[in-house]
file start_36.csv (CSV, C-alpha atoms)
chain,number,residue,atom,x,y,z
A,1,MET,CA,104.4,79.8,104.9
A,2,SER,CA,103.0,80.9,101.6
A,3,SER,CA,104.5,79.3,98.5
A,4,GLN,CA,104.2,82.6,96.6
A,5,VAL,CA,107.5,84.5,96.1
A,6,PRO,CA,107.0,88.1,97.4
A,7,THR,CA,107.4,91.0,95.0
A,8,THR,CA,109.8,93.7,96.2
A,9,HIS,CA,108.0,97.0,96.8
A,10,ILE,CA,110.1,100.1,96.2
A,11,ASP,CA,109.5,103.8,97.0
A,12,VAL,CA,111.0,106.4,94.7
A,13,VAL,CA,111.2,109.9,96.2
A,14,GLY,CA,111.3,112.6,93.6
A,15,GLY,CA,109.8,112.8,90.2
A,16,GLY,CA,112.6,114.4,88.2
A,17,LEU,CA,114.7,112.7,85.6
A,18,ALA,CA,116.5,110.5,88.1
A,19,GLY,CA,113.3,109.4,89.8
A,20,LEU,CA,111.5,108.7,86.6
A,21,VAL,CA,114.4,106.6,85.3
A,22,ALA,CA,114.6,104.7,88.5
A,23,ALA,CA,110.8,104.1,88.6
A,24,ILE,CA,110.8,102.8,84.9
A,25,GLU,CA,113.9,100.7,85.4
A,26,ALA,CA,112.5,99.1,88.6
A,27,SER,CA,109.0,98.4,87.2
A,28,SER,CA,110.6,97.0,84.0
A,29,ARG,CA,112.3,94.5,86.2
A,30,GLY,CA,109.1,93.4,87.9
A,31,LEU,CA,109.4,95.5,91.0
A,32,ASP,CA,106.3,97.2,92.6
A,33,VAL,CA,106.9,100.9,92.5
A,34,ASP,CA,105.4,104.0,94.2
A,35,LEU,CA,106.8,107.4,93.0
A,36,TRP,CA,106.3,110.4,95.3
A,37,GLU,CA,106.6,113.9,94.1
A,38,ALA,CA,106.1,117.0,96.3
A,39,HIS,CA,105.2,119.3,93.5
A,40,ALA,CA,102.2,119.5,91.2
A,41,GLU,CA,104.0,118.1,88.2
A,42,LEU,CA,106.8,115.7,87.3
A,43,GLY,CA,110.1,116.6,85.7
A,44,GLY,CA,112.1,118.7,88.3
A,45,ARG,CA,114.7,120.7,86.3
A,46,ALA,CA,113.6,118.8,83.2
A,47,ARG,CA,110.4,120.8,83.1
A,48,THR,CA,109.8,123.3,80.3
A,49,ALA,CA,108.2,126.7,80.7
A,50,GLN,CA,105.2,128.0,78.8
A,51,PRO,CA,104.3,129.7,76.5
A,52,TYR,CA,107.9,130.2,75.4
A,53,ARG,CA,109.2,126.7,75.8
A,54,ALA,CA,112.5,127.2,77.7
A,55,ASN,CA,114.1,124.5,79.8
A,56,PHE,CA,115.3,125.2,83.4
A,57,GLY,CA,118.8,125.9,82.2
A,58,PRO,CA,120.6,124.5,79.2
A,59,HIS,CA,119.6,120.9,78.4
A,60,ALA,CA,121.0,118.6,75.8
A,61,LEU,CA,121.2,114.9,75.1
A,62,TYR,CA,124.6,113.5,74.1
A,63,ASN,CA,124.3,110.8,71.5
A,64,ASP,CA,127.3,109.0,72.8
A,65,GLY,CA,126.2,108.9,76.4
A,66,ALA,CA,124.3,107.0,79.0
A,67,THR,CA,121.0,108.9,78.8
A,68,TRP,CA,120.8,108.5,75.0
A,69,ALA,CA,121.6,104.7,75.4
A,70,TRP,CA,119.0,104.2,78.1
A,71,LEU,CA,116.3,106.0,76.3
A,72,THR,CA,117.0,104.1,73.1
A,73,ARG,CA,117.0,100.8,75.0
A,74,HIS,CA,113.6,101.5,76.4
A,75,GLY,CA,112.1,102.9,73.2
A,76,LEU,CA,111.8,106.3,74.8
A,77,LEU,CA,114.2,108.5,72.7
A,78,PRO,CA,112.2,111.7,71.9
A,79,PRO,CA,112.5,113.6,68.6
A,80,VAL,CA,115.7,115.6,68.6
A,81,VAL,CA,117.5,118.2,66.4
A,82,MET,CA,121.2,118.9,66.1
A,83,PRO,CA,122.3,122.4,67.2
A,84,SER,CA,124.1,124.6,64.8
A,85,VAL,CA,127.8,123.9,64.4
A,86,ARG,CA,128.4,127.6,63.8
A,87,THR,CA,129.1,128.9,67.3
A,88,GLY,CA,130.5,132.4,67.8
A,89,PHE,CA,132.4,133.9,70.7
A,90,VAL,CA,131.8,136.8,73.0
A,91,HIS,CA,135.1,138.4,74.2
A,92,GLY,CA,135.4,141.8,75.6
A,93,GLU,CA,131.6,142.3,75.1
A,94,VAL,CA,132.2,141.9,71.3
A,95,PHE,CA,130.8,139.0,69.2
A,96,GLY,CA,133.1,137.3,66.7
A,97,ARG,CA,132.9,134.2,64.6
A,98,VAL,CA,136.5,133.4,65.0
A,99,PRO,CA,137.9,132.5,68.5
A,100,PRO,CA,140.6,134.8,69.9
A,101,SER,CA,144.2,133.8,69.0
A,102,GLY,CA,145.0,132.6,72.6
A,103,LEU,CA,142.0,130.4,72.5
A,104,ARG,CA,142.9,128.9,69.1
A,105,ARG,CA,146.0,127.5,70.6
A,106,GLY,CA,144.0,125.8,73.3
A,107,LEU,CA,141.5,124.4,70.8
A,108,ARG,CA,144.3,122.9,68.7
A,109,LEU,CA,145.5,121.1,71.8
A,110,LEU,CA,141.9,120.0,72.5
A,111,TYR,CA,141.7,118.3,69.1
A,112,SER,CA,145.1,116.5,69.6
A,113,ARG,CA,145.6,113.3,71.5
A,114,ALA,CA,146.8,115.1,74.6
A,115,LEU,CA,145.6,113.6,77.9
A,116,ALA,CA,145.5,115.6,81.1
A,117,PRO,CA,146.7,114.2,84.5
A,118,SER,CA,144.8,114.1,87.7
A,119,GLY,CA,146.0,115.9,90.8
A,120,VAL,CA,146.8,119.1,89.1
A,121,SER,CA,144.5,122.0,88.1
A,122,ALA,CA,143.4,122.5,84.5
A,123,VAL,CA,144.9,125.9,84.2
A,124,GLU,CA,148.3,124.8,85.6
A,125,TRP,CA,148.4,121.9,83.1
A,126,LEU,CA,147.3,124.0,80.2
A,127,ALA,CA,149.8,126.8,81.0
A,128,ASP,CA,152.6,124.2,81.0
A,129,ARG,CA,151.4,122.8,77.7
A,130,LEU,CA,150.7,126.1,76.0
A,131,GLY,CA,153.6,128.0,77.5
A,132,SER,CA,151.3,130.9,78.4
A,133,ALA,CA,149.2,131.5,81.5
A,134,ASP,CA,147.0,134.0,79.6
A,135,ASP,CA,146.2,131.4,76.9
A,136,ALA,CA,145.5,128.8,79.5
A,137,GLU,CA,143.1,131.1,81.4
A,138,LEU,CA,141.3,132.0,78.2
A,139,SER,CA,141.0,128.3,77.2
A,140,CYS,CA,139.5,127.5,80.5
A,141,ARG,CA,136.9,130.2,80.1
A,142,ALA,CA,135.8,128.4,76.9
A,143,PHE,CA,134.9,125.3,79.0
A,144,PHE,CA,131.3,126.6,79.4
A,145,PRO,CA,129.7,123.2,80.2
A,146,PHE,CA,131.1,123.6,83.7
A,147,TYR,CA,129.5,127.0,84.2
A,148,ASP,CA,132.1,128.0,86.8
A,149,SER,CA,134.0,131.3,87.0
A,150,ASP,CA,137.1,129.4,88.2
A,151,VAL,CA,136.8,126.2,86.1
A,152,GLY,CA,140.6,126.3,85.7
A,153,SER,CA,141.0,125.4,89.4
A,154,GLN,CA,139.3,122.1,88.9
A,155,ASP,CA,141.0,118.8,88.3
A,156,ALA,CA,142.7,118.8,84.9
A,157,SER,CA,141.7,115.2,84.0
A,158,VAL,CA,138.0,115.8,84.8
A,159,VAL,CA,137.8,119.0,82.8
A,160,TRP,CA,139.8,117.8,79.9
A,161,ASP,CA,137.9,114.5,79.6
A,162,VAL,CA,134.6,116.3,79.3
A,163,MET,CA,135.9,118.9,76.8
A,164,ARG,CA,137.5,116.2,74.6
A,165,ARG,CA,134.3,114.3,74.6
A,166,THR,CA,132.1,117.2,73.6
A,167,ARG,CA,134.5,118.7,71.0
A,168,TRP,CA,132.7,117.0,68.1
A,169,GLN,CA,129.3,118.4,69.2
A,170,PRO,CA,127.4,115.1,70.0
A,171,ALA,CA,124.7,117.3,71.7
A,172,ARG,CA,121.1,117.1,70.5
A,173,TYR,CA,118.1,119.2,71.6
A,174,VAL,CA,114.8,117.6,72.4
A,175,VAL,CA,112.0,119.0,70.1
A,176,GLY,CA,109.5,120.9,72.1
A,177,GLY,CA,111.8,121.1,75.2
A,178,TRP,CA,112.5,118.4,77.8
A,179,SER,CA,108.9,118.3,78.9
A,180,THR,CA,108.4,116.3,75.7
A,181,MET,CA,110.7,113.6,77.1
A,182,VAL,CA,109.2,113.9,80.7
A,183,ALA,CA,105.7,113.2,79.2
A,184,MET,CA,107.0,110.1,77.5
A,185,LEU,CA,108.7,108.9,80.7
A,186,GLU,CA,105.5,109.5,82.7
A,187,GLN,CA,103.4,107.6,80.3
A,188,ARG,CA,105.8,104.6,80.3
A,189,ALA,CA,105.9,104.6,84.1
A,190,LEU,CA,102.1,104.5,84.3
A,191,ALA,CA,102.0,101.8,81.6
A,192,ASN,CA,104.4,99.8,83.7
A,193,GLY,CA,102.1,100.0,86.7
A,194,VAL,CA,104.0,102.7,88.7
A,195,ARG,CA,101.7,104.6,91.1
A,196,ILE,CA,102.5,108.3,90.9
A,197,HIS,CA,101.6,110.5,93.8
A,198,LEU,CA,101.8,114.3,93.1
A,199,HIS,CA,101.6,117.0,95.7
A,200,HIS,CA,102.8,114.4,98.2
A,201,PRO,CA,106.0,115.1,100.2
A,202,PHE,CA,107.5,111.8,101.4
A,203,ASP,CA,108.5,111.3,105.0
A,204,LEU,CA,111.1,108.5,105.4
A,205,GLY,CA,109.7,108.0,108.9
A,206,ASP,CA,106.5,106.6,107.3
A,207,ARG,CA,108.2,104.2,104.9
A,208,GLY,CA,107.7,100.5,105.0
A,209,VAL,CA,110.3,97.8,105.2
A,210,GLY,CA,111.0,97.9,101.4
A,211,PRO,CA,113.9,99.8,99.8
A,212,THR,CA,113.7,103.5,99.1
A,213,ILE,CA,115.4,105.4,96.3
A,214,VAL,CA,115.9,109.1,97.1
A,215,ALA,CA,116.0,111.1,93.8
A,216,THR,CA,116.2,114.7,95.0
A,217,GLU,CA,118.8,117.4,95.2
A,218,LEU,CA,121.5,116.7,97.8
A,219,ALA,CA,120.3,119.3,100.2
A,220,THR,CA,116.8,117.8,100.3
A,221,ALA,CA,118.2,114.3,100.6
A,222,ALA,CA,120.4,115.4,103.5
A,223,ARG,CA,117.2,116.5,105.3
A,224,LEU,CA,115.3,113.4,104.5
A,225,LEU,CA,118.0,111.0,105.5
A,226,ALA,CA,119.2,113.2,108.4
A,227,ASP,CA,122.7,112.9,107.0
A,228,GLU,CA,124.8,116.1,107.0
A,229,SER,CA,127.6,114.3,105.0
A,230,LEU,CA,125.5,114.6,101.9
A,231,THR,CA,127.2,117.6,100.4
A,232,TRP,CA,129.3,118.2,97.3
A,233,PRO,CA,130.5,121.5,95.8
A,234,SER,CA,128.8,122.6,92.7
A,235,SER,CA,129.3,125.2,90.0
A,236,THR,CA,127.7,128.6,90.6
A,237,VAL,CA,125.6,129.8,87.7
A,238,ALA,CA,122.9,132.3,86.8
A,239,CYS,CA,120.4,131.8,84.0
A,240,LEU,CA,118.5,134.3,82.0
A,241,ASP,CA,115.8,133.1,79.6
A,242,VAL,CA,113.9,135.4,77.2
A,243,GLY,CA,111.0,135.1,74.8
A,244,LEU,CA,111.1,137.6,72.0
A,245,ALA,CA,108.2,138.8,69.8
A,246,ALA,CA,108.4,138.1,66.1
A,247,GLU,CA,110.6,140.4,64.0
A,248,THR,CA,112.6,141.6,67.1
A,249,LEU,CA,115.9,140.3,65.8
A,250,SER,CA,117.7,141.9,62.9
A,251,ARG,CA,118.7,140.0,59.9
A,252,GLN,CA,122.2,139.8,61.4
A,253,GLY,CA,120.8,138.4,64.7
A,254,LYS,CA,118.8,135.7,62.9
A,255,ARG,CA,122.0,134.4,61.4
A,256,ARG,CA,123.5,133.8,64.8
A,257,ALA,CA,122.4,130.6,66.6
A,258,SER,CA,124.7,130.5,69.6
A,259,ALA,CA,127.8,131.8,71.3
A,260,ILE,CA,130.3,130.8,73.9
A,261,ASP,CA,130.5,133.8,76.4
A,262,LEU,CA,134.2,133.9,77.3
A,263,ASP,CA,133.5,137.0,79.5
A,264,ASN,CA,131.1,135.1,81.7
A,265,VAL,CA,132.1,131.4,81.2
A,266,GLY,CA,128.7,130.8,79.8
A,267,PHE,CA,126.6,129.9,76.8
A,268,ILE,CA,124.0,131.9,74.8
A,269,SER,CA,121.7,129.9,72.5
A,270,ARG,CA,118.8,130.8,70.3
A,271,TYR,CA,117.0,127.5,70.5
A,272,THR,CA,114.3,128.5,68.0
A,273,SER,CA,117.0,128.6,65.3
A,274,LYS,CA,116.5,124.8,65.1
A,275,ASP,CA,113.1,124.3,66.7
A,276,ARG,CA,110.4,126.8,65.8
A,277,SER,CA,107.8,125.0,68.0
A,278,LEU,CA,109.4,126.6,71.1
A,279,ALA,CA,107.9,130.0,70.6
A,280,PRO,CA,104.4,131.2,69.6
A,281,SER,CA,103.7,133.3,66.5
A,282,GLY,CA,107.1,133.3,65.0
A,283,GLY,CA,108.9,134.5,68.2
A,284,GLU,CA,112.2,133.5,69.5
A,285,VAL,CA,113.5,131.7,72.6
A,286,ILE,CA,117.0,132.6,73.8
A,287,GLN,CA,118.6,131.0,76.9
A,288,ALA,CA,121.8,132.5,78.4
A,289,THR,CA,124.0,131.4,81.3
A,290,GLY,CA,126.9,132.9,83.1
A,291,SER,CA,129.0,131.7,86.0
A,292,ARG,CA,128.5,133.7,89.3
A,293,ARG,CA,131.6,135.2,90.8
A,294,ALA,CA,132.3,134.8,94.5
A,295,GLY,CA,130.1,137.0,96.6
A,296,GLU,CA,128.2,138.3,93.5
A,297,SER,CA,124.5,139.0,93.7
A,298,ILE,CA,122.1,137.5,91.2
A,299,ASP,CA,121.4,141.0,89.9
A,300,ALA,CA,125.0,141.6,89.1
A,301,SER,CA,125.3,138.2,87.4
A,302,VAL,CA,122.3,138.8,85.2
A,303,GLU,CA,123.6,142.2,84.2
A,304,ARG,CA,126.8,140.6,82.9
A,305,ILE,CA,124.7,138.0,81.0
A,306,ARG,CA,122.7,140.8,79.5
A,307,ALA,CA,125.9,142.4,78.2
A,308,GLY,CA,126.7,139.1,76.5
A,309,LEU,CA,123.2,139.1,74.9
A,310,ASP,CA,123.7,142.7,73.7
A,311,ALA,CA,126.9,141.6,71.9
A,312,VAL,CA,125.2,138.6,70.1
A,313,TYR,CA,121.7,140.0,69.5
A,314,PRO,CA,121.7,143.8,69.4
A,315,GLY,CA,118.3,145.2,70.2
A,316,TRP,CA,117.0,142.0,71.8
A,317,SER,CA,115.7,143.8,74.9
A,318,GLU,CA,113.3,145.9,72.9
A,319,GLY,CA,111.1,142.9,72.0
A,320,VAL,CA,110.9,140.9,75.2
A,321,SER,CA,107.5,139.3,75.7
A,322,TRP,CA,108.6,136.9,78.4
A,323,SER,CA,111.6,136.5,80.6
A,324,ARG,CA,112.8,134.4,83.6
A,325,ARG,CA,116.0,134.5,85.6
A,326,PHE,CA,117.1,132.2,88.3
A,327,ASP,CA,120.1,131.1,90.3
A,328,ALA,CA,121.1,127.5,89.4
A,329,SER,CA,124.0,127.3,91.9
A,330,GLY,CA,124.1,124.0,93.7
A,331,ARG,CA,122.2,122.4,90.8
A,332,ALA,CA,124.8,122.6,88.1
A,333,THR,CA,127.9,120.6,87.2
A,334,PRO,CA,129.7,119.0,90.3
A,335,TRP,CA,132.9,120.8,91.2
A,336,HIS,CA,136.1,118.7,91.4
A,337,ALA,CA,139.2,119.8,93.2
A,338,PRO,CA,142.4,118.5,91.9
A,339,GLY,CA,142.8,114.8,92.7
A,340,THR,CA,139.0,114.1,93.1
A,341,THR,CA,136.8,112.3,90.6
A,342,TRP,CA,133.2,111.1,90.6
A,343,HIS,CA,134.2,108.2,92.8
A,344,ASP,CA,134.6,110.7,95.7
A,345,ARG,CA,131.0,112.0,95.5
A,346,PRO,CA,128.3,110.7,97.9
A,347,ALA,CA,127.8,107.0,97.5
A,348,ILE,CA,124.6,105.5,96.1
A,349,ASP,CA,124.1,102.9,98.8
A,350,ARG,CA,123.4,104.8,102.0
A,351,GLY,CA,122.7,101.7,104.1
A,352,GLY,CA,119.4,100.8,105.8
A,353,ASN,CA,117.8,99.9,102.5
A,354,CYS,CA,118.1,103.5,101.2
A,355,TYR,CA,119.7,104.5,97.9
A,356,LEU,CA,120.7,108.0,96.7
A,357,VAL,CA,120.5,109.0,93.0
A,358,GLY,CA,120.9,112.3,91.1
A,359,ASP,CA,123.5,114.3,89.3
A,360,HIS,CA,125.9,114.9,92.3
A,361,VAL,CA,126.4,111.3,93.5
A,362,ALA,CA,129.1,108.7,92.8
A,363,ALA,CA,128.3,107.6,89.3
A,364,PRO,CA,130.1,108.3,86.0
A,365,GLY,CA,128.9,110.5,83.2
A,366,PHE,CA,128.3,114.1,82.4
A,367,LEU,CA,125.4,116.3,83.5
A,368,ALA,CA,122.1,114.4,83.3
A,369,GLU,CA,124.0,111.1,82.5
A,370,VAL,CA,125.0,111.0,86.2
A,371,SER,CA,121.3,110.9,87.2
A,372,VAL,CA,120.6,108.1,84.7
A,373,ASN,CA,123.6,106.0,85.6
A,374,SER,CA,123.0,106.3,89.4
A,375,ALA,CA,119.3,105.5,89.0
A,376,VAL,CA,120.1,102.3,87.0
A,377,GLN,CA,122.8,101.3,89.5
A,378,ALA,CA,120.5,101.8,92.5
A,379,VAL,CA,117.8,99.7,90.9
A,380,GLU,CA,120.4,97.0,90.1
A,381,MET,CA,121.4,97.0,93.8
A,382,VAL,CA,117.7,96.6,94.8
A,383,ALA,CA,117.2,93.9,92.3
A,384,VAL,CA,120.2,91.9,93.5
A,385,ALA,CA,119.0,92.2,97.1
A,386,SER,CA,115.5,91.1,96.0
A,387,ARG,CA,116.8,88.0,94.2
A,388,ASP,CA,118.8,87.1,97.3
A,389,ALA,CA,115.7,87.5,99.5
A,390,GLN,CA,113.7,85.3,97.1
A,391,ARG,CA,116.3,82.5,97.2
A,392,ILE,CA,116.0,82.5,101.0
A,393,TRP,CA,112.3,82.5,100.7
call {"tool": "encode", "arguments": {"input": "start_36.csv", "output": "structure tokens"}}
result
Amino acid sequence: MSSQVPTTHIDVVGGGLAGLVAAIEASSRGLDVDLWEAHAELGGRARTAQPYRANFGPHALYNDGATWAWLTRHGLLPPVVMPSVRTGFVHGEVFGRVPPSGLRRGLRLLYSRALAPSGVSAVEWLADRLGSADDAELSCRAFFPFYDSDVGSQDASVVWDVMRRTRWQPARYVVGGWSTMVAMLEQRALANGVRIHLHHPFDLGDRGVGPTIVATELATAARLLADESLTWPSSTVACLDVGLAAETLSRQGKRRASAIDLDNVGFISRYTSKDRSLAPSGGEVIQATGSRRAGESIDASVERIRAGLDAVYPGWSEGVSWSRRFDASGRATPWHAPGTTWHDRPAIDRGGNCYLVGDHVAAPGFLAEVSVNSAVQAVEMVAVASRDAQRIW
């Protein structure tokens, strides 16, 4: 028997944020890592389009969260800017700086010390606290980070905890789009010795005896692992991104940075209001989202989003140089029925030396933070198993 202690080899399947974090975390701990990505580039939904630099859906780092902390710890925090605190509202296809009166009552409760219970829907709890079903419904429609047409039916404690956390606007935007951060992660992974394989779908039937971390969407993971139980409901959301030529917006439009779309439970943001590098030649990048209603086509969803854009940026459609629309359903915020929490989502440890990471698994956090937390936890599980094997060796 050799006296040399073996180094654990680990395969990471998927080169999005979760996969890159897992690869860097594992290689930083001395593990030998191969990362497999089926597409031509890394990043997954963290990629940024060109030449108008728009992320695949709204993306933000929260300076009080796990993603920020992990990036800081590894010296990988990208340059960021703070979004405008002057957010307007679209209600009845009309833009306003001041929230509707019914919503103001909900916002006052949000800024109080009130805590919501689990096991009851958000709209039920709010209606009881506000004494008005209409005010409760309107308040729920302001909870745009869930991008769900029926966010009020979700568990009150889950919804309220997220909204209380984001009330002081801890969000930050990555300068140049999230591909800036992806490039930094890729370079660190390579510097750590991670072998990155692009254009290379991974078949678990070909894996070796070492551990495998699957960092893909749940539907893909279910096929890879032949496990039909890997499902979890997600918000249904449509996205419309537009790049505008210079001087398209009126002086009034240029004073508007973002708006909560109460009509569509969505968010409209002119990202170039804070980061001019996102558009060529003085142009503008606007990203808009809206929840998709049950049975609604993507065309109908986008038309509603366009109405919101008309309210915030009159005349925007006359100067479109680039546009993109897509259905992000199944990729957005996990949906939680009353009485369910993140603990109930698919477990990280799938048995057989396989681990699942991503934004719909059983790990705490909000949005991308779930991916980071699950990736770190999976690597910790692998590291513990590796240490145990080395003691036996």
call {"tool": "residues_near_point", "arguments": {"input": "start_36.csv", "point": "(119.4, 126.0, 66.3)", "cutoff": "6 Å", "atoms": "only C-alpha atoms", "output": "ChimeraX atom specification"}}
result
/A:83-84,257,271-274
call {"tool": "closest_atom_pairs", "arguments": {"input": "start_36.csv", "of": "segment 258-343 of chain A", "to": "segment 169-186 of chain A", "cutoff": "8 Å", "atoms": "only C-alpha atoms", "output": "Markdown table"}}
result
| residue | atom | partner | partner_atom | distance |
| --- | --- | --- | --- | --- |
| A:Asp275 | CA | A:Val175 | CA | 6.4 |
| A:Ser277 | CA | A:Gly176 | CA | 6.0 |
| A:Leu278 | CA | A:Gly176 | CA | 5.8 |
call {"tool": "atom_distance", "arguments": {"input": "start_36.csv", "atom1": "atom CA of Val98 of chain A", "atom2": "atom CA of Ser258 of chain A"}}
result
13.0 Å
call {"tool": "closest_residue", "arguments": {"input": "start_36.csv", "among": "A:Val285, A:Val90, A:Val33, A:Ala222", "to": "Thr248 of chain A", "atoms": "only C-alpha atoms"}}
result
A:Val285
call {"tool": "closest_atom_pairs", "arguments": {"input": "start_36.csv", "of": "segment 23-98 of chain A", "to": "segment 195-216 of chain A", "cutoff": "7 Å", "atoms": "all atoms listed in the file", "output": "Markdown table"}}
result
| residue | atom | partner | partner_atom | distance |
| --- | --- | --- | --- | --- |
| A:Val33 | CA | A:Arg195 | CA | 6.5 |
| A:Asp34 | CA | A:Arg195 | CA | 4.9 |
| A:Leu35 | CA | A:Ile196 | CA | 4.9 |
| A:Trp36 | CA | A:His197 | CA | 4.9 |
| A:Glu37 | CA | A:Leu198 | CA | 4.9 |
| A:Ala38 | CA | A:Pro201 | CA | 4.3 |
| A:His39 | CA | A:His199 | CA | 4.8 |
| A:Ala40 | CA | A:His199 | CA | 5.2 |
| A:Glu41 | CA | A:Leu198 | CA | 6.6 |
call {"tool": "closest_atom_pairs", "arguments": {"input": "start_36.csv", "of": "segment 28-139 of chain A", "to": "segment 341-350 of chain A", "cutoff": "12 Å", "atoms": "only C-alpha atoms", "output": "tab-separated table"}}
result
residue	atom	partner	partner_atom	distance
A:Pro117	CA	A:Thr341	CA	11.8
A:Ser118	CA	A:Thr341	CA	8.7
A:Gly119	CA	A:Thr341	CA	9.9
call {"tool": "write_last_selection", "arguments": {"input": "start_36.csv", "atoms": "C-alpha atoms", "output": "JSON list (two decimals), in the coordinates of the input"}}
result
[["chain", "number", "residue", "atom", "x", "y", "z"],
["A", 117, "PRO", "CA", 146.70, 114.20, 84.50],
["A", 118, "SER", "CA", 144.80, 114.10, 87.70],
["A", 119, "GLY", "CA", 146.00, 115.90, 90.80]]
call {"tool": "build_atoms", "arguments": {"input": "start_36.csv", "residues": "segment 43-63 of chain A", "atoms": "N, CA and C atoms", "output": "short mmCIF file (atom, residue, chain, number, x, y, z; two decimals), in the coordinates of the input"}}
result
data_model
loop_
_atom_site.label_atom_id
_atom_site.label_comp_id
_atom_site.auth_asym_id
_atom_site.auth_seq_id
_atom_site.Cartn_x
_atom_site.Cartn_y
_atom_site.Cartn_z
N GLY A 43 109.08 116.08 86.61
CA GLY A 43 110.10 116.60 85.70
C GLY A 43 111.25 117.32 86.44
N GLY A 44 110.99 117.94 87.59
CA GLY A 44 112.10 118.70 88.30
C GLY A 44 112.67 119.70 87.34
N ARG A 45 114.00 119.70 87.22
CA ARG A 45 114.70 120.70 86.30
C ARG A 45 114.54 120.28 84.86
N ALA A 46 113.90 119.15 84.59
CA ALA A 46 113.60 118.80 83.20
C ALA A 46 112.33 119.35 82.68
N ARG A 47 111.66 120.14 83.51
CA ARG A 47 110.40 120.80 83.10
C ARG A 47 110.70 121.89 82.07
N THR A 48 109.69 122.23 81.29
CA THR A 48 109.80 123.30 80.30
C THR A 48 108.74 124.33 80.53
N ALA A 49 109.14 125.60 80.48
CA ALA A 49 108.20 126.70 80.70
C ALA A 49 107.21 126.86 79.59
N GLN A 50 106.19 127.66 79.81
CA GLN A 50 105.20 128.00 78.80
C GLN A 50 104.95 129.52 78.87
N PRO A 51 104.49 130.19 77.82
CA PRO A 51 104.30 129.70 76.50
C PRO A 51 105.52 129.59 75.62
N TYR A 52 106.57 130.35 76.07
CA TYR A 52 107.90 130.20 75.40
C TYR A 52 108.54 129.01 76.09
N ARG A 53 108.80 128.00 75.31
CA ARG A 53 109.20 126.70 75.80
C ARG A 53 110.72 126.69 76.10
N ALA A 54 111.08 127.10 77.32
CA ALA A 54 112.50 127.20 77.70
C ALA A 54 112.71 126.17 78.87
N ASN A 55 113.74 125.36 78.76
CA ASN A 55 114.10 124.50 79.80
C ASN A 55 114.66 125.24 81.02
N PHE A 56 114.70 124.60 82.19
CA PHE A 56 115.30 125.20 83.40
C PHE A 56 116.82 125.09 83.27
N GLY A 57 117.42 125.98 82.50
CA GLY A 57 118.80 125.90 82.20
C GLY A 57 119.09 125.15 80.94
N PRO A 58 120.32 125.21 80.42
CA PRO A 58 120.60 124.50 79.20
C PRO A 58 120.48 123.00 79.35
N HIS A 59 119.82 122.37 78.41
CA HIS A 59 119.60 120.90 78.40
C HIS A 59 119.94 120.34 77.08
N ALA A 60 120.68 119.27 77.08
CA ALA A 60 121.00 118.60 75.80
C ALA A 60 121.19 117.11 76.09
N LEU A 61 120.86 116.30 75.09
CA LEU A 61 121.20 114.90 75.10
C LEU A 61 122.45 114.68 74.31
N TYR A 62 123.34 113.84 74.81
CA TYR A 62 124.60 113.50 74.10
C TYR A 62 124.43 112.15 73.48
N ASN A 63 124.58 112.09 72.16
CA ASN A 63 124.30 110.80 71.50
C ASN A 63 125.31 109.75 71.67
#
